[in-house]
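Following: one structure in structure tokens, then a few remarks.
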Amino acid sequence: MNQADPWQWYNEIPIVSRIYLTASFITTAACALDVISPFSLYFNFGLIVYKGQFWRIITNFLFFGLFSLDFLFHMYFLVRYCRLLEEGTDFRSRTGDFVWMICFGATLMTMTAPFVSVHFLGSSLTFMMVYVWGRRNEHVRMSFLGLFPFTAPYLPWVLLTFSVLLGNPATIDLIGICVGHIYYFLEYVYPQIADLRGWRWRKLLVTPAVVRHLCGQVPPGQGFGVGVVDAPLPPAADEGAGAGPGPGLE
């Protein structure tokens with residue numbers, strides 16, 4: 001890929017990551033141009049339930065602050081780890097399953113938000129993706145500022161520590177880590193336990209067939225049912241495919 005061609009770089013981003021990046025950029029640009037106000041985007045349980053402002057359920061995941069260095073860092077980690085997951089062995093050619101993972105995480109975060117006074121959850125969703133990617137690529141070696149070496153599963157904790165040292169609250173990032181761990185356990189750990197113990201329900205997170213159909217992932221002969229089925233375990237982790245340094249990471 002020609003790194004000097006932003007349009008080519010943009011078009012090579014997989015579809016879900018590209019849509020999320022585009023929606024986040026447009027939302028930020030609209031706020032910067034005073035087309036819309038961040039006050040009309042943030043998560044507010046009362047306004048959603050009693051005023052019918054349901055768009056806030058989605059828009060609070062799209063705003064990462066006005067254009068700034070912090071915004072660029074958020075966009076970098078969003079695109080990088082969302083893309084690594086979508087292109088990795090776990091979700092390659094499984095767009096519907098990837099969308100369902102995002103929907104699962106966003107739903108849990110939305111259910112948590114009223115109790116922790118959090119107004120924007122985009123960073124939490126990014127941390128969820130970083131956590132899942134790290135756990136699925138546990139042998140990838142990284143370093144922070146070229147000084148502190150660690151393996152990929154520790155990446156969200158390194159980023160959390162750095163964020164706290166800069167004076168940011170830990171709540172938003174911890175929500176993403178906790179939700180990421182719940183998804184990782186239900187998707188990758190529980191099926192192995194259920195298989196070893198012979199439990200009937202061997203997979204709890206099953207992507208509805210209608211979601212797979214809308215994403216072009218319906219196998220031949222599969223209908224639109226939603227249920228729990230015995231499914232094969234996911235392929236092995238993507239051993240460092242596409243992994244590389246981020247800002248301050250090697």
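Every chain in the structure tokens takes a letter, A first, then B, and so on in the order presented; its residues are numbered from 1, and the ligands are numbered from 1 following the presented order.
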Within 9 Å of range 145-162 of chain A using only C-alpha atoms, minus same-chain residues under 3 positions, as a list in words: Phe127, Met128, Val130, Tyr131, Val132, Trp133, Gly134, Arg135, Arg136, Asn137, Glu138, His139, Val140, Arg141, Met142, Leu165, Leu166, Gly167, Ala170, Asp173, Leu174, Ile177, Pro247, Gly248, Leu249 and Glu250 of chain A
Near-range 90-105 of chain A list (6 Å; only C-alpha atoms; drop same-chain fewer than 6 positions) as a count of residues only: 4
Residue list (alpha helix (DSSP H), DSSP) for range 22-250 of chain A, as a PyMOL selection string: chain A and resi 22-32+45-51+56-59+69-87+95-116+122-136+155-165+171-184+190-197+209-214
Pick out the residues sitting within 10 Å of Gln53 in chain A, and hand them over as an NGL selection string; count only C-alpha atoms, and ignore anything fewer than 4 positions along from it in its own chain. :A and (40-41 or 43-49 or 57)
Take the residues just selected and output them with all heavy atoms as a JSON list (two decimals), in the first residue's frame.
[["chain", "number", "residue", "atom", "x", "y", "z"],
["A", 40, "SER", "N", -26.11, 17.35, 22.77],
["A", 40, "SER", "CA", -27.20, 16.59, 22.16],
["A", 40, "SER", "C", -26.78, 15.16, 21.83],
["A", 40, "SER", "O", -27.58, 14.39, 21.29],
["A", 40, "SER", "CB", -27.68, 17.27, 20.88],
["A", 40, "SER", "OG", -26.66, 17.28, 19.89],
["A", 41, "LEU", "N", -25.53, 14.81, 22.18],
["A", 41, "LEU", "CA", -25.00, 13.49, 21.84],
["A", 41, "LEU", "C", -24.78, 12.59, 23.04],
["A", 41, "LEU", "O", -24.83, 11.36, 22.92],
["A", 41, "LEU", "CB", -23.66, 13.64, 21.11],
["A", 41, "LEU", "CG", -23.63, 14.51, 19.85],
["A", 41, "LEU", "CD1", -22.21, 14.62, 19.33],
["A", 41, "LEU", "CD2", -24.55, 13.93, 18.78],
["A", 43, "PHE", "N", -24.75, 10.43, 26.61],
["A", 43, "PHE", "CA", -25.70, 9.48, 27.17],
["A", 43, "PHE", "C", -26.38, 10.09, 28.39],
["A", 43, "PHE", "O", -25.72, 10.52, 29.34],
["A", 43, "PHE", "CB", -24.99, 8.18, 27.58],
["A", 43, "PHE", "CG", -25.92, 7.13, 28.12],
["A", 43, "PHE", "CD1", -26.50, 6.21, 27.27],
["A", 43, "PHE", "CD2", -26.22, 7.06, 29.48],
["A", 43, "PHE", "CE1", -27.38, 5.24, 27.76],
["A", 43, "PHE", "CE2", -27.09, 6.10, 29.97],
["A", 43, "PHE", "CZ", -27.66, 5.19, 29.11],
["A", 44, "ASN", "N", -27.71, 10.13, 28.35],
["A", 44, "ASN", "CA", -28.50, 10.63, 29.47],
["A", 44, "ASN", "C", -29.74, 9.76, 29.60],
["A", 44, "ASN", "O", -30.62, 9.81, 28.74],
["A", 44, "ASN", "CB", -28.88, 12.10, 29.26],
["A", 44, "ASN", "CG", -29.60, 12.70, 30.45],
["A", 44, "ASN", "OD1", -30.65, 12.23, 30.86],
["A", 44, "ASN", "ND2", -29.03, 13.77, 31.01],
["A", 45, "PHE", "N", -29.77, 8.95, 30.64],
["A", 45, "PHE", "CA", -30.84, 7.98, 30.80],
["A", 45, "PHE", "C", -32.21, 8.65, 30.83],
["A", 45, "PHE", "O", -33.18, 8.18, 30.21],
["A", 45, "PHE", "CB", -30.62, 7.17, 32.07],
["A", 45, "PHE", "CG", -31.66, 6.11, 32.31],
["A", 45, "PHE", "CD1", -31.60, 4.90, 31.64],
["A", 45, "PHE", "CD2", -32.69, 6.32, 33.22],
["A", 45, "PHE", "CE1", -32.56, 3.92, 31.86],
["A", 45, "PHE", "CE2", -33.65, 5.34, 33.43],
["A", 45, "PHE", "CZ", -33.59, 4.15, 32.76],
["A", 46, "GLY", "N", -32.31, 9.76, 31.55],
["A", 46, "GLY", "CA", -33.60, 10.44, 31.66],
["A", 46, "GLY", "C", -34.09, 10.97, 30.33],
["A", 46, "GLY", "O", -35.28, 10.81, 29.99],
["A", 47, "LEU", "N", -33.21, 11.59, 29.56],
["A", 47, "LEU", "CA", -33.62, 12.12, 28.26],
["A", 47, "LEU", "C", -33.97, 11.02, 27.27],
["A", 47, "LEU", "O", -34.85, 11.19, 26.42],
["A", 47, "LEU", "CB", -32.49, 13.00, 27.68],
["A", 47, "LEU", "CG", -32.19, 14.30, 28.44],
["A", 47, "LEU", "CD1", -31.02, 15.03, 27.80],
["A", 47, "LEU", "CD2", -33.43, 15.20, 28.47],
["A", 48, "ILE", "N", -33.30, 9.88, 27.39],
["A", 48, "ILE", "CA", -33.59, 8.76, 26.49],
["A", 48, "ILE", "C", -34.95, 8.15, 26.82],
["A", 48, "ILE", "O", -35.78, 7.92, 25.93],
["A", 48, "ILE", "CB", -32.49, 7.69, 26.59],
["A", 48, "ILE", "CG1", -31.17, 8.22, 26.04],
["A", 48, "ILE", "CG2", -32.90, 6.42, 25.83],
["A", 48, "ILE", "CD1", -29.99, 7.30, 26.27],
["A", 49, "VAL", "N", -35.19, 7.91, 28.09],
["A", 49, "VAL", "CA", -36.41, 7.20, 28.51],
["A", 49, "VAL", "C", -37.63, 8.11, 28.52],
["A", 49, "VAL", "O", -38.69, 7.74, 28.02],
["A", 49, "VAL", "CB", -36.19, 6.55, 29.90],
["A", 49, "VAL", "CG1", -37.50, 5.94, 30.40],
["A", 49, "VAL", "CG2", -35.10, 5.51, 29.84],
["A", 57, "ILE", "N", -28.31, 6.77, 22.43],
["A", 57, "ILE", "CA", -27.79, 5.42, 22.67],
["A", 57, "ILE", "C", -26.65, 5.12, 21.70],
["A", 57, "ILE", "O", -25.69, 4.41, 22.04],
["A", 57, "ILE", "CB", -28.92, 4.38, 22.52],
["A", 57, "ILE", "CG1", -30.00, 4.62, 23.58],
["A", 57, "ILE", "CG2", -28.37, 2.96, 22.63],
["A", 57, "ILE", "CD1", -31.20, 3.72, 23.43]]
Near-Gly65 in chain A list (9 Å; only C-alpha atoms; drop same-chain fewer than 6 positions) as a list of chain:residue names: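 The contact residues come out as A:Thr28, A:Cys31, A:Pro38, A:Phe71.
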Tell me, which residues of range 62-211 of chain A carry DSSP strand (DSSP E or B), written as an MDAnalysis selection string? chainID A and resid 141:144 148:151
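In this model, the gap between CA of Gly176 in chain A and CA of Gln217 in chain A comes to 26.9 Å.
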What does the distance between CA of Trp201 in chain A and CA of Glu187 in chain A come to in Å, to one decimal place?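 We find that CA of Trp201 in chain A and CA of Glu187 in chain A lie 12.4 Å from each other.
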Compile the contact shell of Thr22 in chain A as a PDB file with all heavy atoms, in the first residue's frame: residues with an atom at most 12 Å away, counting only C-alpha atoms, same-chain residues fewer than 2 positions apart removed.
ATOM      1  N   TYR A  10      -7.695   4.488   3.346  1.00  0.00           N
ATOM      2  CA  TYR A  10      -9.071   4.483   3.861  1.00  0.00           C
ATOM      3  C   TYR A  10      -9.881   3.344   3.259  1.00  0.00           C
ATOM      4  O   TYR A  10     -10.598   2.634   3.964  1.00  0.00           O
ATOM      5  CB  TYR A  10      -9.724   5.835   3.552  1.00  0.00           C
ATOM      6  CG  TYR A  10     -11.180   5.925   3.928  1.00  0.00           C
ATOM      7  CD1 TYR A  10     -11.577   6.129   5.240  1.00  0.00           C
ATOM      8  CD2 TYR A  10     -12.167   5.796   2.947  1.00  0.00           C
ATOM      9  CE1 TYR A  10     -12.917   6.216   5.577  1.00  0.00           C
ATOM     10  CE2 TYR A  10     -13.510   5.877   3.269  1.00  0.00           C
ATOM     11  CZ  TYR A  10     -13.885   6.091   4.584  1.00  0.00           C
ATOM     12  OH  TYR A  10     -15.208   6.163   4.926  1.00  0.00           O
ATOM     13  N   ASN A  11      -9.757   3.139   1.956  1.00  0.00           N
ATOM     14  CA  ASN A  11     -10.538   2.098   1.288  1.00  0.00           C
ATOM     15  C   ASN A  11     -10.092   0.690   1.674  1.00  0.00           C
ATOM     16  O   ASN A  11     -10.861  -0.266   1.525  1.00  0.00           O
ATOM     17  CB  ASN A  11     -10.457   2.255  -0.228  1.00  0.00           C
ATOM     18  CG  ASN A  11     -11.314   3.391  -0.741  1.00  0.00           C
ATOM     19  OD1 ASN A  11     -12.400   3.634  -0.232  1.00  0.00           O
ATOM     20  ND2 ASN A  11     -10.819   4.117  -1.730  1.00  0.00           N
ATOM     21  N   ILE A  13      -9.334  -0.192   4.715  1.00  0.00           N
ATOM     22  CA  ILE A  13      -9.862  -0.505   6.044  1.00  0.00           C
ATOM     23  C   ILE A  13     -11.110  -1.362   5.867  1.00  0.00           C
ATOM     24  O   ILE A  13     -11.983  -1.033   5.056  1.00  0.00           O
ATOM     25  CB  ILE A  13     -10.208   0.781   6.813  1.00  0.00           C
ATOM     26  CG1 ILE A  13      -8.965   1.643   7.001  1.00  0.00           C
ATOM     27  CG2 ILE A  13     -10.825   0.453   8.174  1.00  0.00           C
ATOM     28  CD1 ILE A  13      -9.252   2.995   7.638  1.00  0.00           C
ATOM     29  N   PRO A  14     -11.261  -2.466   6.590  1.00  0.00           N
ATOM     30  CA  PRO A  14     -12.461  -3.299   6.443  1.00  0.00           C
ATOM     31  C   PRO A  14     -13.724  -2.526   6.780  1.00  0.00           C
ATOM     32  O   PRO A  14     -13.694  -1.533   7.511  1.00  0.00           O
ATOM     33  CB  PRO A  14     -12.203  -4.467   7.416  1.00  0.00           C
ATOM     34  CG  PRO A  14     -11.130  -3.992   8.324  1.00  0.00           C
ATOM     35  CD  PRO A  14     -10.305  -3.016   7.557  1.00  0.00           C
ATOM     36  N   ILE A  15     -14.833  -3.011   6.283  1.00  0.00           N
ATOM     37  CA  ILE A  15     -16.080  -2.240   6.214  1.00  0.00           C
ATOM     38  C   ILE A  15     -16.574  -1.742   7.574  1.00  0.00           C
ATOM     39  O   ILE A  15     -16.935  -0.572   7.724  1.00  0.00           O
ATOM     40  CB  ILE A  15     -17.177  -3.067   5.506  1.00  0.00           C
ATOM     41  CG1 ILE A  15     -18.467  -2.266   5.385  1.00  0.00           C
ATOM     42  CG2 ILE A  15     -17.408  -4.383   6.209  1.00  0.00           C
ATOM     43  CD1 ILE A  15     -18.336  -1.030   4.513  1.00  0.00           C
ATOM     44  N   VAL A  16     -16.598  -2.593   8.593  1.00  0.00           N
ATOM     45  CA  VAL A  16     -17.135  -2.172   9.885  1.00  0.00           C
ATOM     46  C   VAL A  16     -16.235  -1.121  10.524  1.00  0.00           C
ATOM     47  O   VAL A  16     -16.714  -0.096  11.025  1.00  0.00           O
ATOM     48  CB  VAL A  16     -17.307  -3.384  10.826  1.00  0.00           C
ATOM     49  CG1 VAL A  16     -17.816  -2.927  12.195  1.00  0.00           C
ATOM     50  CG2 VAL A  16     -18.265  -4.395  10.221  1.00  0.00           C
ATOM     51  N   SER A  17     -14.929  -1.354  10.510  1.00  0.00           N
ATOM     52  CA  SER A  17     -13.984  -0.379  11.058  1.00  0.00           C
ATOM     53  C   SER A  17     -14.076   0.937  10.306  1.00  0.00           C
ATOM     54  O   SER A  17     -13.998   2.020  10.902  1.00  0.00           O
ATOM     55  CB  SER A  17     -12.557  -0.924  10.992  1.00  0.00           C
ATOM     56  OG  SER A  17     -12.436  -2.159  11.670  1.00  0.00           O
ATOM     57  N   ARG A  18     -14.255   0.861   8.985  1.00  0.00           N
ATOM     58  CA  ARG A  18     -14.334   2.076   8.173  1.00  0.00           C
ATOM     59  C   ARG A  18     -15.602   2.869   8.492  1.00  0.00           C
ATOM     60  O   ARG A  18     -15.566   4.106   8.581  1.00  0.00           O
ATOM     61  CB  ARG A  18     -14.285   1.713   6.685  1.00  0.00           C
ATOM     62  CG  ARG A  18     -14.203   2.925   5.776  1.00  0.00           C
ATOM     63  CD  ARG A  18     -13.784   2.553   4.365  1.00  0.00           C
ATOM     64  NE  ARG A  18     -14.796   1.792   3.663  1.00  0.00           N
ATOM     65  CZ  ARG A  18     -14.648   0.551   3.229  1.00  0.00           C
ATOM     66  NH1 ARG A  18     -13.515  -0.095   3.452  1.00  0.00           N
ATOM     67  NH2 ARG A  18     -15.606  -0.059   2.575  1.00  0.00           N
ATOM     68  N   ILE A  19     -16.703   2.176   8.680  1.00  0.00           N
ATOM     69  CA  ILE A  19     -17.957   2.863   9.013  1.00  0.00           C
ATOM     70  C   ILE A  19     -17.843   3.555  10.368  1.00  0.00           C
ATOM     71  O   ILE A  19     -18.270   4.708  10.538  1.00  0.00           O
ATOM     72  CB  ILE A  19     -19.129   1.867   9.008  1.00  0.00           C
ATOM     73  CG1 ILE A  19     -19.439   1.415   7.570  1.00  0.00           C
ATOM     74  CG2 ILE A  19     -20.373   2.490   9.637  1.00  0.00           C
ATOM     75  CD1 ILE A  19     -20.494   0.337   7.487  1.00  0.00           C
ATOM     76  N   TYR A  20     -17.252   2.865  11.348  1.00  0.00           N
ATOM     77  CA  TYR A  20     -17.108   3.447  12.676  1.00  0.00           C
ATOM     78  C   TYR A  20     -16.191   4.675  12.633  1.00  0.00           C
ATOM     79  O   TYR A  20     -16.488   5.718  13.221  1.00  0.00           O
ATOM     80  CB  TYR A  20     -16.575   2.396  13.646  1.00  0.00           C
ATOM     81  CG  TYR A  20     -16.745   2.762  15.113  1.00  0.00           C
ATOM     82  CD1 TYR A  20     -17.416   3.915  15.509  1.00  0.00           C
ATOM     83  CD2 TYR A  20     -16.240   1.932  16.107  1.00  0.00           C
ATOM     84  CE1 TYR A  20     -17.577   4.240  16.842  1.00  0.00           C
ATOM     85  CE2 TYR A  20     -16.392   2.251  17.450  1.00  0.00           C
ATOM     86  CZ  TYR A  20     -17.057   3.407  17.807  1.00  0.00           C
ATOM     87  OH  TYR A  20     -17.205   3.722  19.129  1.00  0.00           O
ATOM     88  N   SER A  24     -17.473   8.522  13.423  1.00  0.00           N
ATOM     89  CA  SER A  24     -16.838   9.265  14.509  1.00  0.00           C
ATOM     90  C   SER A  24     -16.241  10.573  13.991  1.00  0.00           C
ATOM     91  O   SER A  24     -16.362  11.628  14.642  1.00  0.00           O
ATOM     92  CB  SER A  24     -15.748   8.415  15.168  1.00  0.00           C
ATOM     93  OG  SER A  24     -16.292   7.238  15.727  1.00  0.00           O
ATOM     94  N   PHE A  25     -15.598  10.518  12.826  1.00  0.00           N
ATOM     95  CA  PHE A  25     -14.990  11.731  12.261  1.00  0.00           C
ATOM     96  C   PHE A  25     -16.065  12.748  11.885  1.00  0.00           C
ATOM     97  O   PHE A  25     -15.923  13.948  12.172  1.00  0.00           O
ATOM     98  CB  PHE A  25     -14.153  11.369  11.038  1.00  0.00           C
ATOM     99  CG  PHE A  25     -13.450  12.548  10.424  1.00  0.00           C
ATOM    100  CD1 PHE A  25     -12.220  12.969  10.918  1.00  0.00           C
ATOM    101  CD2 PHE A  25     -14.021  13.242   9.360  1.00  0.00           C
ATOM    102  CE1 PHE A  25     -11.578  14.072  10.357  1.00  0.00           C
ATOM    103  CE2 PHE A  25     -13.383  14.331   8.801  1.00  0.00           C
ATOM    104  CZ  PHE A  25     -12.163  14.749   9.312  1.00  0.00           C
ATOM    105  N   ILE A  26     -17.133  12.295  11.253  1.00  0.00           N
ATOM    106  CA  ILE A  26     -18.208  13.208  10.846  1.00  0.00           C
ATOM    107  C   ILE A  26     -18.861  13.835  12.082  1.00  0.00           C
ATOM    108  O   ILE A  26     -19.174  15.036  12.094  1.00  0.00           O
ATOM    109  CB  ILE A  26     -19.254  12.460   9.996  1.00  0.00           C
ATOM    110  CG1 ILE A  26     -18.651  12.094   8.632  1.00  0.00           C
ATOM    111  CG2 ILE A  26     -20.505  13.311   9.805  1.00  0.00           C
ATOM    112  CD1 ILE A  26     -19.573  11.262   7.761  1.00  0.00           C
ATOM    113  N   THR A  27     -19.062  13.040  13.125  1.00  0.00           N
ATOM    114  CA  THR A  27     -19.660  13.561  14.352  1.00  0.00           C
ATOM    115  C   THR A  27     -18.782  14.642  14.966  1.00  0.00           C
ATOM    116  O   THR A  27     -19.265  15.705  15.374  1.00  0.00           O
ATOM    117  CB  THR A  27     -19.865  12.429  15.367  1.00  0.00           C
ATOM    118  OG1 THR A  27     -20.725  11.430  14.810  1.00  0.00           O
ATOM    119  CG2 THR A  27     -20.483  12.956  16.653  1.00  0.00           C
ATOM    120  N   THR A  28     -17.473  14.380  15.030  1.00  0.00           N
ATOM    121  CA  THR A  28     -16.547  15.359  15.588  1.00  0.00           C
ATOM    122  C   THR A  28     -16.498  16.618  14.730  1.00  0.00           C
ATOM    123  O   THR A  28     -16.486  17.745  15.254  1.00  0.00           O
ATOM    124  CB  THR A  28     -15.137  14.748  15.708  1.00  0.00           C
ATOM    125  OG1 THR A  28     -15.191  13.607  16.563  1.00  0.00           O
ATOM    126  CG2 THR A  28     -14.153  15.753  16.278  1.00  0.00           C
ATOM    127  N   ALA A  29     -16.471  16.453  13.409  1.00  0.00           N
ATOM    128  CA  ALA A  29     -16.443  17.605  12.510  1.00  0.00           C
ATOM    129  C   ALA A  29     -17.711  18.446  12.663  1.00  0.00           C
ATOM    130  O   ALA A  29     -17.651  19.688  12.668  1.00  0.00           O
ATOM    131  CB  ALA A  29     -16.289  17.135  11.064  1.00  0.00           C
ATOM    132  N   LEU A  62     -19.884   7.728  19.400  1.00  0.00           N
ATOM    133  CA  LEU A  62     -19.264   8.310  18.216  1.00  0.00           C
ATOM    134  C   LEU A  62     -18.460   9.569  18.506  1.00  0.00           C
ATOM    135  O   LEU A  62     -17.702  10.017  17.642  1.00  0.00           O
ATOM    136  CB  LEU A  62     -20.345   8.652  17.167  1.00  0.00           C
ATOM    137  CG  LEU A  62     -21.224   7.488  16.693  1.00  0.00           C
ATOM    138  CD1 LEU A  62     -22.255   7.993  15.695  1.00  0.00           C
ATOM    139  CD2 LEU A  62     -20.380   6.379  16.097  1.00  0.00           C
ATOM    140  N   PHE A  63     -18.619  10.137  19.682  1.00  0.00           N
ATOM    141  CA  PHE A  63     -17.934  11.399  19.990  1.00  0.00           C
ATOM    142  C   PHE A  63     -16.740  11.135  20.898  1.00  0.00           C
ATOM    143  O   PHE A  63     -16.881  10.606  21.996  1.00  0.00           O
ATOM    144  CB  PHE A  63     -18.903  12.375  20.659  1.00  0.00           C
ATOM    145  CG  PHE A  63     -18.307  13.729  20.925  1.00  0.00           C
ATOM    146  CD1 PHE A  63     -18.036  14.596  19.875  1.00  0.00           C
ATOM    147  CD2 PHE A  63     -18.006  14.126  22.214  1.00  0.00           C
ATOM    148  CE1 PHE A  63     -17.478  15.843  20.105  1.00  0.00           C
ATOM    149  CE2 PHE A  63     -17.460  15.370  22.466  1.00  0.00           C
ATOM    150  CZ  PHE A  63     -17.192  16.235  21.411  1.00  0.00           C
ATOM    151  N   MET A  75      -8.588   7.963  17.750  1.00  0.00           N
ATOM    152  CA  MET A  75      -8.874   7.465  16.417  1.00  0.00           C
ATOM    153  C   MET A  75      -7.855   6.401  16.001  1.00  0.00           C
ATOM    154  O   MET A  75      -8.196   5.400  15.362  1.00  0.00           O
ATOM    155  CB  MET A  75      -8.866   8.618  15.401  1.00  0.00           C
ATOM    156  CG  MET A  75     -10.046   9.562  15.520  1.00  0.00           C
ATOM    157  SD  MET A  75     -11.651   8.779  15.191  1.00  0.00           S
ATOM    158  CE  MET A  75     -12.183   8.415  16.873  1.00  0.00           C
ATOM    159  N   LEU A  78      -8.673   3.226  17.889  1.00  0.00           N
ATOM    160  CA  LEU A  78      -9.937   2.698  17.392  1.00  0.00           C
ATOM    161  C   LEU A  78      -9.724   1.965  16.073  1.00  0.00           C
ATOM    162  O   LEU A  78     -10.115   0.804  15.920  1.00  0.00           O
ATOM    163  CB  LEU A  78     -10.936   3.841  17.210  1.00  0.00           C
ATOM    164  CG  LEU A  78     -12.214   3.494  16.431  1.00  0.00           C
ATOM    165  CD1 LEU A  78     -13.031   2.467  17.196  1.00  0.00           C
ATOM    166  CD2 LEU A  78     -13.032   4.742  16.154  1.00  0.00           C
ATOM    167  N   VAL A  79      -9.091   2.654  15.103  1.00  0.00           N
ATOM    168  CA  VAL A  79      -8.909   2.046  13.787  1.00  0.00           C
ATOM    169  C   VAL A  79      -7.962   0.860  13.864  1.00  0.00           C
ATOM    170  O   VAL A  79      -8.211  -0.195  13.260  1.00  0.00           O
ATOM    171  CB  VAL A  79      -8.373   3.094  12.782  1.00  0.00           C
ATOM    172  CG1 VAL A  79      -8.042   2.433  11.452  1.00  0.00           C
ATOM    173  CG2 VAL A  79      -9.393   4.193  12.577  1.00  0.00           C
TER     174      VAL A  79
END
Two-atom distance - CA of Phe64 in chain A, CA of Val116 in chain A (Å):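 Result for CA of Phe64 in chain A versus CA of Val116 in chain A: 18.3 Å, one decimal.
Across A:Phe67, A:Phe185, A:Tyr42, A:Glu87, the tightest approach to Glu12 in chain A is made by A:Glu87 when counting only C-alpha atoms.
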